[in-house]
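Source file entry.tsv; content: TSV, C-alpha atoms.
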chain	number	residue	atom	x	y	z
A	1	ASP	CA	0.00	0.00	0.00
A	2	PHE	CA	1.04	3.60	-0.55
A	3	ARG	CA	1.39	5.46	2.72
A	4	PRO	CA	1.92	9.21	3.12
A	5	GLY	CA	5.38	10.32	4.21
A	6	PRO	CA	7.22	13.60	4.76
A	7	ASP	CA	9.69	13.25	1.86
A	8	PRO	CA	9.37	11.21	-1.32
A	9	PRO	CA	12.40	9.08	-2.20
A	10	ARG	CA	14.67	10.04	-5.08
A	11	GLY	CA	12.74	9.83	-8.32
A	12	GLY	CA	9.45	10.50	-6.58
A	13	ARG	CA	7.25	8.51	-4.25
A	14	GLY	CA	5.85	5.36	-5.84
A	15	GLY	CA	8.10	5.25	-8.88
A	16	ALA	CA	9.86	1.98	-8.07
A	17	PRO	CA	6.76	-0.27	-7.97
A	18	VAL	CA	5.42	1.28	-11.15
A	19	GLU	CA	8.71	0.77	-12.98
A	20	ALA	CA	8.88	-2.80	-11.65
A	21	ASP	CA	5.37	-3.47	-13.01
A	22	LEU	CA	4.05	-4.37	-9.55
A	23	ASP	CA	0.40	-4.11	-8.59
A	24	VAL	CA	-0.04	-1.15	-6.23
A	25	SER	CA	-2.84	-1.09	-3.67
A	26	VAL	CA	-4.76	2.19	-3.58
A	27	SER	CA	-7.14	3.10	-0.75
A	28	GLY	CA	-7.81	6.78	-1.39
A	29	MET	CA	-7.60	9.72	-3.76
A	30	TRP	CA	-4.22	10.94	-2.52
A	31	ALA	CA	-2.69	7.53	-3.23
A	32	LEU	CA	-4.23	7.42	-6.70
A	33	ARG	CA	-2.77	10.87	-7.44
A	34	GLU	CA	0.69	9.74	-6.39
A	35	VAL	CA	0.59	6.57	-8.44
A	36	THR	CA	-0.65	8.40	-11.55
A	37	GLU	CA	2.16	10.95	-11.14
A	38	ALA	CA	4.63	8.08	-10.85
A	39	ALA	CA	3.14	6.56	-14.01
A	40	ARG	CA	3.64	9.84	-15.90
A	41	ARG	CA	7.28	9.98	-14.81
A	42	ALA	CA	7.84	6.34	-15.71
A	43	GLY	CA	6.14	6.70	-19.07
A	44	ARG	CA	4.09	3.58	-18.52
A	45	PRO	CA	0.72	2.73	-16.94
A	46	ALA	CA	0.66	1.70	-13.30
A	47	ARG	CA	-1.04	-1.52	-12.26
A	48	VAL	CA	-3.51	-0.60	-9.52
A	49	GLN	CA	-5.75	-2.57	-7.19
A	50	LEU	CA	-8.43	-0.57	-5.39
A	51	LYS	CA	-8.97	-1.61	-1.79
A	52	ALA	CA	-12.42	-1.29	-0.21
A	53	ASP	CA	-12.94	-0.89	3.53
A	54	THR	CA	-15.91	-3.23	3.97
A	55	GLY	CA	-15.75	-3.17	7.76
A	56	LEU	CA	-12.21	-3.83	9.00
A	57	GLY	CA	-11.61	-0.13	9.64
A	58	ARG	CA	-7.96	-0.36	8.74
A	59	ASN	CA	-6.74	0.44	5.22
A	60	GLY	CA	-9.17	0.70	2.33
A	61	CYS	CA	-11.66	3.19	0.90
A	62	GLN	CA	-14.84	3.86	2.84
A	63	PRO	CA	-18.11	3.06	1.00
A	64	GLY	CA	-19.07	6.75	1.02
A	65	ASP	CA	-15.87	7.65	-0.86
A	66	TRP	CA	-15.93	4.66	-3.22
A	67	ALA	CA	-17.81	6.36	-6.06
A	68	ALA	CA	-15.28	9.20	-6.25
A	69	LEU	CA	-12.31	6.82	-6.17
A	70	VAL	CA	-13.82	4.55	-8.83
A	71	ALA	CA	-14.58	7.54	-11.07
A	72	ALA	CA	-11.06	8.94	-10.69
A	73	ALA	CA	-9.53	5.53	-11.37
A	74	GLY	CA	-11.70	5.20	-14.47
A	75	ARG	CA	-10.51	8.56	-15.77
A	76	ALA	CA	-6.88	7.66	-15.10
A	77	GLU	CA	-7.39	4.38	-16.93
A	78	ALA	CA	-8.91	6.18	-19.90
A	79	GLU	CA	-5.84	8.44	-20.01
A	80	GLY	CA	-3.58	5.40	-20.09
A	81	LEU	CA	-2.03	6.18	-16.71
A	82	VAL	CA	-3.30	3.16	-14.79
A	83	ARG	CA	-4.72	-0.27	-15.33
A	84	VAL	CA	-7.15	-1.29	-12.58
A	85	THR	CA	-6.17	-4.93	-12.18
A	86	GLY	CA	-7.99	-5.75	-8.97
A	87	LEU	CA	-10.65	-4.92	-6.38
A	88	TRP	CA	-10.12	-6.24	-2.89
A	89	SER	CA	-10.86	-6.07	0.80
A	90	HIS	CA	-10.02	-7.87	4.05
A	91	PHE	CA	-12.11	-9.62	6.71
A	92	ALA	CA	-12.05	-8.52	10.33
A	93	CYS	CA	-13.49	-11.58	12.07
A	94	ALA	CA	-13.31	-14.54	9.67
A	95	ASP	CA	-11.57	-16.54	12.40
A	96	GLU	CA	-14.67	-16.23	14.61
A	97	PRO	CA	-17.30	-18.63	13.23
A	98	GLY	CA	-20.73	-17.06	12.98
A	99	HIS	CA	-19.57	-13.50	13.64
A	100	PRO	CA	-22.16	-11.23	11.96
A	101	SER	CA	-19.49	-8.98	10.47
A	102	VAL	CA	-18.34	-11.75	8.13
A	103	ALA	CA	-21.61	-11.96	6.19
A	104	ALA	CA	-22.01	-8.17	6.33
A	105	GLN	CA	-18.54	-7.60	4.86
A	106	LEU	CA	-19.16	-10.12	2.11
A	107	VAL	CA	-22.41	-8.38	1.12
A	108	ARG	CA	-20.71	-4.98	1.16
A	109	PHE	CA	-17.80	-6.25	-0.93
A	110	ARG	CA	-20.14	-7.68	-3.56
A	111	GLU	CA	-21.97	-4.34	-3.71
A	112	MET	CA	-18.77	-2.30	-4.06
A	113	VAL	CA	-17.39	-4.63	-6.74
A	114	ALA	CA	-20.66	-4.54	-8.66
A	115	TYR	CA	-20.70	-0.74	-8.55
A	116	ALA	CA	-17.14	-0.47	-9.85
A	117	GLU	CA	-17.89	-2.85	-12.70
A	118	ARG	CA	-21.08	-0.99	-13.63
A	119	GLU	CA	-18.96	2.16	-13.84
A	120	GLY	CA	-16.70	0.53	-16.40
A	121	LEU	CA	-13.86	-1.03	-14.43
A	122	SER	CA	-12.98	-4.58	-15.46
A	123	PRO	CA	-10.50	-5.95	-12.92
A	124	GLU	CA	-8.55	-9.13	-13.53
A	125	VAL	CA	-9.09	-10.31	-9.94
A	126	ARG	CA	-11.44	-9.77	-7.02
A	127	HIS	CA	-10.36	-11.04	-3.61
A	128	ILE	CA	-11.23	-10.80	0.07
A	129	ALA	CA	-10.45	-14.22	1.61
A	130	ASN	CA	-7.66	-14.51	4.17
A	131	SER	CA	-6.58	-17.85	5.68
A	132	PRO	CA	-9.69	-18.48	7.83
A	133	ALA	CA	-12.04	-17.49	5.01
A	134	THR	CA	-10.07	-19.66	2.58
A	135	LEU	CA	-10.52	-22.66	4.88
A	136	THR	CA	-14.13	-22.13	6.01
A	137	LEU	CA	-15.95	-19.78	3.62
A	138	PRO	CA	-15.83	-20.99	-0.01
A	139	GLU	CA	-18.32	-18.35	-1.15
A	140	SER	CA	-15.65	-15.72	-0.38
A	141	HIS	CA	-13.00	-17.15	-2.71
A	142	PHE	CA	-13.85	-15.07	-5.81
A	143	ASP	CA	-10.84	-15.06	-8.19
A	144	LEU	CA	-8.05	-15.72	-5.71
A	145	VAL	CA	-7.40	-16.17	-1.99
A	146	ARG	CA	-4.69	-14.74	0.25
A	147	THR	CA	-3.39	-17.35	2.66
A	148	GLY	CA	-1.07	-16.12	5.39
A	149	ILE	CA	-0.82	-18.25	8.52
A	150	ALA	CA	-2.06	-21.29	6.57
A	151	LEU	CA	1.21	-21.17	4.60
A	152	TYR	CA	2.93	-22.03	7.88
A	153	GLY	CA	0.61	-25.03	8.19
A	154	ILE	CA	-1.06	-23.48	11.24
A	155	SER	CA	-4.77	-23.09	11.90
A	156	PRO	CA	-5.88	-19.44	12.03
A	157	SER	CA	-7.68	-20.13	15.29
A	158	PRO	CA	-8.16	-23.13	17.60
A	159	GLU	CA	-11.87	-22.29	17.64
A	160	ILE	CA	-12.32	-23.14	13.97
A	161	GLY	CA	-10.22	-26.29	14.02
A	162	THR	CA	-6.77	-27.81	14.33
A	163	PRO	CA	-4.23	-27.93	11.49
A	164	ALA	CA	-5.13	-31.60	10.97
A	165	ASP	CA	-8.81	-30.67	10.56
A	166	PHE	CA	-7.86	-28.66	7.48
A	167	GLY	CA	-5.20	-31.01	6.13
A	168	LEU	CA	-2.42	-28.67	7.27
A	169	ARG	CA	0.91	-29.61	8.80
A	170	PRO	CA	3.05	-27.02	10.62
A	171	VAL	CA	6.23	-26.44	8.63
A	172	MET	CA	8.39	-24.58	11.16
A	173	THR	CA	10.46	-26.00	14.03
A	174	LEU	CA	12.46	-23.92	16.52
A	175	SER	CA	15.17	-25.73	18.44
A	176	ALA	CA	18.53	-25.13	20.10
A	177	SER	CA	21.31	-27.18	21.67
A	178	LEU	CA	21.66	-27.04	25.44
A	179	ALA	CA	24.57	-24.77	26.30
A	180	LEU	CA	24.95	-25.99	29.89
A	181	VAL	CA	23.59	-28.60	32.31
A	182	LYS	CA	24.47	-28.30	35.99
A	183	GLN	CA	23.39	-29.42	39.45
A	184	VAL	CA	22.14	-26.85	41.94
A	185	PRO	CA	20.85	-27.13	45.54
A	186	GLY	CA	17.30	-26.53	46.67
A	187	GLY	CA	16.30	-22.92	47.25
A	188	HIS	CA	18.49	-21.67	44.39
A	189	GLY	CA	17.13	-18.63	42.55
A	190	VAL	CA	16.89	-18.83	38.79
A	191	SER	CA	17.25	-15.97	36.29
A	192	TYR	CA	16.47	-12.28	36.77
A	193	GLY	CA	14.30	-11.34	39.71
A	194	HIS	CA	14.40	-14.89	41.16
A	195	ARG	CA	10.79	-15.43	40.09
A	196	TYR	CA	11.60	-19.13	40.26
A	197	THR	CA	13.40	-20.92	43.09
A	198	THR	CA	14.35	-24.58	42.90
A	199	PRO	CA	12.14	-26.67	45.20
A	200	GLY	CA	14.98	-29.07	45.95
A	201	GLU	CA	18.28	-30.30	44.60
A	202	THR	CA	17.93	-30.50	40.83
A	203	THR	CA	19.58	-29.95	37.48
A	204	LEU	CA	19.21	-26.84	35.40
A	205	ALA	CA	19.68	-26.58	31.63
A	206	LEU	CA	20.51	-23.44	29.73
A	207	VAL	CA	18.80	-22.92	26.37
A	208	PRO	CA	20.61	-20.28	24.26
A	209	LEU	CA	17.54	-18.49	22.90
A	210	GLY	CA	15.87	-15.39	24.31
A	211	TYR	CA	13.61	-12.49	23.56
A	212	ALA	CA	16.23	-10.94	21.26
A	213	ASP	CA	15.67	-14.02	19.09
A	214	GLY	CA	11.89	-13.71	19.25
A	215	VAL	CA	11.11	-15.99	22.20
A	216	PRO	CA	8.33	-14.06	23.98
A	217	ARG	CA	9.26	-12.81	27.46
A	218	HIS	CA	5.56	-13.07	28.35
A	219	ALA	CA	6.04	-16.84	28.34
A	220	SER	CA	8.45	-16.66	31.30
A	221	GLY	CA	7.55	-19.46	33.68
A	222	THR	CA	5.06	-20.99	31.24
A	223	GLY	CA	6.77	-21.66	27.88
A	224	PRO	CA	7.00	-25.39	27.05
A	225	VAL	CA	10.16	-27.12	25.78
A	226	LEU	CA	10.82	-30.74	24.80
A	227	ILE	CA	14.14	-32.03	26.16
A	228	GLY	CA	15.07	-35.69	26.28
A	229	GLY	CA	11.56	-36.76	25.29
A	230	LYS	CA	9.93	-34.86	28.17
A	231	TRP	CA	7.97	-31.63	28.27
A	232	ARG	CA	9.66	-29.03	30.44
A	233	THR	CA	8.69	-25.50	31.34
A	234	VAL	CA	10.76	-22.32	31.29
A	235	ALA	CA	12.02	-21.71	34.83
A	236	GLY	CA	11.94	-18.03	35.73
A	237	ARG	CA	12.30	-15.13	33.36
A	238	ILE	CA	13.27	-15.46	29.73
A	239	ALA	CA	16.35	-13.28	29.22
A	240	MET	CA	17.63	-11.53	26.13
A	241	ASP	CA	19.74	-14.43	24.86
A	242	GLN	CA	18.84	-17.41	27.00
A	243	PHE	CA	16.46	-19.08	29.41
A	244	VAL	CA	16.67	-21.84	31.99
A	245	VAL	CA	14.74	-25.09	32.33
A	246	ASP	CA	14.50	-27.16	35.52
A	247	LEU	CA	15.17	-30.77	34.51
A	248	GLY	CA	14.12	-32.23	37.85
A	249	GLY	CA	17.31	-34.24	38.28
A	250	ASP	CA	17.65	-35.56	34.73
A	251	GLU	CA	21.10	-35.01	33.26
A	252	PRO	CA	21.15	-34.85	29.46
A	253	ALA	CA	24.51	-33.98	27.97
A	254	PRO	CA	25.26	-30.42	26.91
A	255	GLY	CA	24.42	-30.19	23.21
A	256	THR	CA	21.19	-32.15	23.62
A	257	GLU	CA	18.42	-30.73	21.46
A	258	ALA	CA	15.76	-28.57	23.09
A	259	VAL	CA	12.68	-28.15	20.87
A	260	LEU	CA	10.56	-25.10	21.60
A	261	PHE	CA	7.94	-25.80	18.97
A	262	GLY	CA	7.37	-27.86	15.85
A	263	PRO	CA	4.63	-29.84	14.11
A	264	GLY	CA	4.14	-32.04	17.19
A	265	ASP	CA	5.19	-35.26	15.44
A	266	ARG	CA	7.67	-36.10	18.20
A	267	GLY	CA	5.49	-34.94	21.02
A	268	GLU	CA	7.06	-31.50	21.03
A	269	PRO	CA	5.09	-28.33	21.79
A	270	THR	CA	3.53	-26.45	18.87
A	271	ALA	CA	3.41	-22.75	18.05
A	272	GLU	CA	-0.14	-22.77	19.40
A	273	ASP	CA	1.14	-24.10	22.73
A	274	TRP	CA	3.57	-21.18	22.92
A	275	ALA	CA	0.80	-18.78	21.95
A	276	GLN	CA	-1.31	-20.05	24.83
A	277	ALA	CA	1.66	-19.76	27.20
A	278	ALA	CA	2.36	-16.17	26.13
A	279	GLY	CA	-1.26	-15.03	25.89
A	280	THR	CA	-1.04	-14.29	22.19
A	281	ILE	CA	-1.71	-15.97	18.82
A	282	ALA	CA	0.34	-18.46	16.84
A	283	TYR	CA	0.82	-15.86	14.07
A	284	GLU	CA	3.03	-13.84	16.41
A	285	ILE	CA	5.04	-16.84	17.58
A	286	VAL	CA	6.17	-17.93	14.12
A	287	THR	CA	6.69	-14.46	12.65
A	288	ARG	CA	8.67	-12.94	15.50
A	289	ILE	CA	11.70	-15.27	15.26
A	290	GLY	CA	14.62	-12.94	14.58
A	291	THR	CA	17.40	-12.93	12.03
A	292	ARG	CA	19.98	-14.12	14.57
A	293	VAL	CA	18.39	-17.57	14.43
A	294	PRO	CA	19.87	-19.59	11.53
A	295	ARG	CA	17.35	-20.94	9.01
A	296	VAL	CA	17.72	-24.50	7.79
A	297	TYR	CA	15.37	-25.46	4.97
A	298	VAL	CA	14.18	-29.03	4.72
A	299	GLY	CA	15.62	-30.70	1.65
A	300	GLU	CA	18.51	-28.27	1.33
A	301	GLU	CA	22.06	-28.73	2.55
A	302	PRO	CA	23.07	-26.26	5.27
A	303	VAL	CA	25.56	-23.60	4.23
A	304	ARG	CA	28.96	-24.47	5.67
A	305	HIS	CA	31.64	-21.98	6.63
A	306	GLY	CA	35.34	-21.89	7.39
A	307	ALA	CA	37.54	-24.97	7.16
A	308	ALA	CA	34.58	-27.27	6.52
A	309	ALA	CA	33.56	-25.22	3.51
A	310	GLU	CA	37.13	-25.14	2.22
A	311	ALA	CA	37.36	-28.93	2.47
A	312	ASP	CA	34.14	-29.33	0.49
A	313	ARG	CA	35.07	-26.91	-2.30
A	314	PRO	CA	36.58	-28.42	-5.46
A	315	ALA	CA	39.85	-26.80	-6.56
A	316	GLY	CA	39.39	-23.80	-8.79
A	317	ASN	CA	35.76	-23.10	-7.82
A	318	ASN	CA	34.67	-19.55	-7.12
A	319	PRO	CA	34.43	-19.15	-3.31
A	320	ALA	CA	30.98	-17.57	-3.54
A	321	ARG	CA	28.36	-20.26	-3.18
A	322	LYS	CA	24.63	-19.86	-3.35
A	323	ARG	CA	22.02	-22.32	-2.21
Please re-express this file's structure in structure tokens.
Amino acid sequence: DFRPGPDPPRGGRGGAPVEADLDVSVSGMWALREVTEAARRAGRPARVQLKADTGLGRNGCQPGDWAALVAAAGRAEAEGLVRVTGLWSHFACADEPGHPSVAAQLVRFREMVAYAEREGLSPEVRHIANSPATLTLPESHFDLVRTGIALYGISPSPEIGTPADFGLRPVMTLSASLALVKQVPGGHGVSYGHRYTTPGETTLALVPLGYADGVPRHASGTGPVLIGGKWRTVAGRIAMDQFVVDLGGDEPAPGTEAVLFGPGDRGEPTAEDWAQAAGTIAYEIVTRIGTRVPRVYVGEEPVRHGAAAEADRPAGNNPARKR
């Protein structure tokens, strides 16, 4: 979406997406003016999708302003400055089965699309369905759907069903190797603020992930972790780079895998379990993992560095490798 800002970038605001032939979402007259100006500078028509606010109250054109926006877009199209490729909107409560706003938004969207088409616009696509609507509301699919959390294999909401109910499988696993395992006496405080004290002699494990990596601090004392085939719980506060788990006397070796969440195939917690522990939604759990955490893609070899990479590289190959 175009958003107003104090200073346009070099070449004018909006020029890059027009020159790249990207579809630009337009929610109001000011945005349409900017994209048409960018089209004039680029010497080519801009691909535009008009967004309707059918009830979400976020981005999008209000119904009362729709006629003016449609008319202006039609004029710009006639001048060869834009091509209106799409009409779209977004649901507010599609993850709440039976919420009256869902049907109301769908009716409003159909009305706004019909009006635009009567006024001469002929979009390539019409779309309103997010992940929950894609999974539960086939009448909202129109020409395309926009899946977000479903791409992670996660249900949009436990209330509408589990991933398995929709044929989904979570694709993301977050794990780390234990950095330390040690014995401590009873009554030993753990982590900042000593919000947790060991009830007796036990073993503590250090997991080298923290809120700087995207592990939510709100899950301090509640976040679940699978270590050695057993569910554990974060002991005390989650710190910036690490947190502690009370192993209750078990002594896995340092380097043992600690799984924070995954698909659940091995009995490990899921992103939804962490969402419940942190009082949030699974969307936030999977999208907040920071860039410090290495990504390993299933089916691809991990990128190797240093001496290991040198040993693998055939003589004469360019050192730059891309996978």
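Distances from A:Ala133, A:Ala42, A:Ala114, A:Ala150 to His90 of chain A were compared using only C-alpha atoms, and the smallest one belongs to A:Ala133.
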Non-local contacts of segment 280-295 of chain A (10 Å; all atoms listed in the file; under 2 positions in same chain excluded) as a ChimeraX atom specification: /A:148-150,152,154-158,172-176,209-216,218-219,261,270-278,297-298,302-303
Protein and nucleic acid residues near (24.8, -37.2, 33.3) (cut-off 12 Å, all atoms listed in the file) as a ChimeraX atom specification: /A:180-183,203-205,247,249-254,256
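Of the residues listed (A:Gly15, A:Ala73, A:Lys51, A:Val245), A:Ala73 shows the shortest atom-to-atom separation from Leu32 of chain A; distances use all atoms listed in the file.
Every protein, DNA or RNA residue with an atom at most 9 Å from segment 91-103 of chain A, where all atoms listed in the file count and chain neighbours fewer than 4 positions away do not, is listed here: Thr54, Gly55, Leu56, Gly57, Val107, Arg108, Ile128, Ala129, Asn130, Ser131, Pro132, Ala133, Thr136, Leu137, Pro156, Ser157, Glu159 and Ile160 of chain A.
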Contacts of Val35 of chain A within 9 Å, only C-alpha atoms, excl. fewer than 2 positions in-chain, as a PyMOL selection string: chain A and resi 2+13-15+18+24+26+30-33+37-40+46+48+81-82
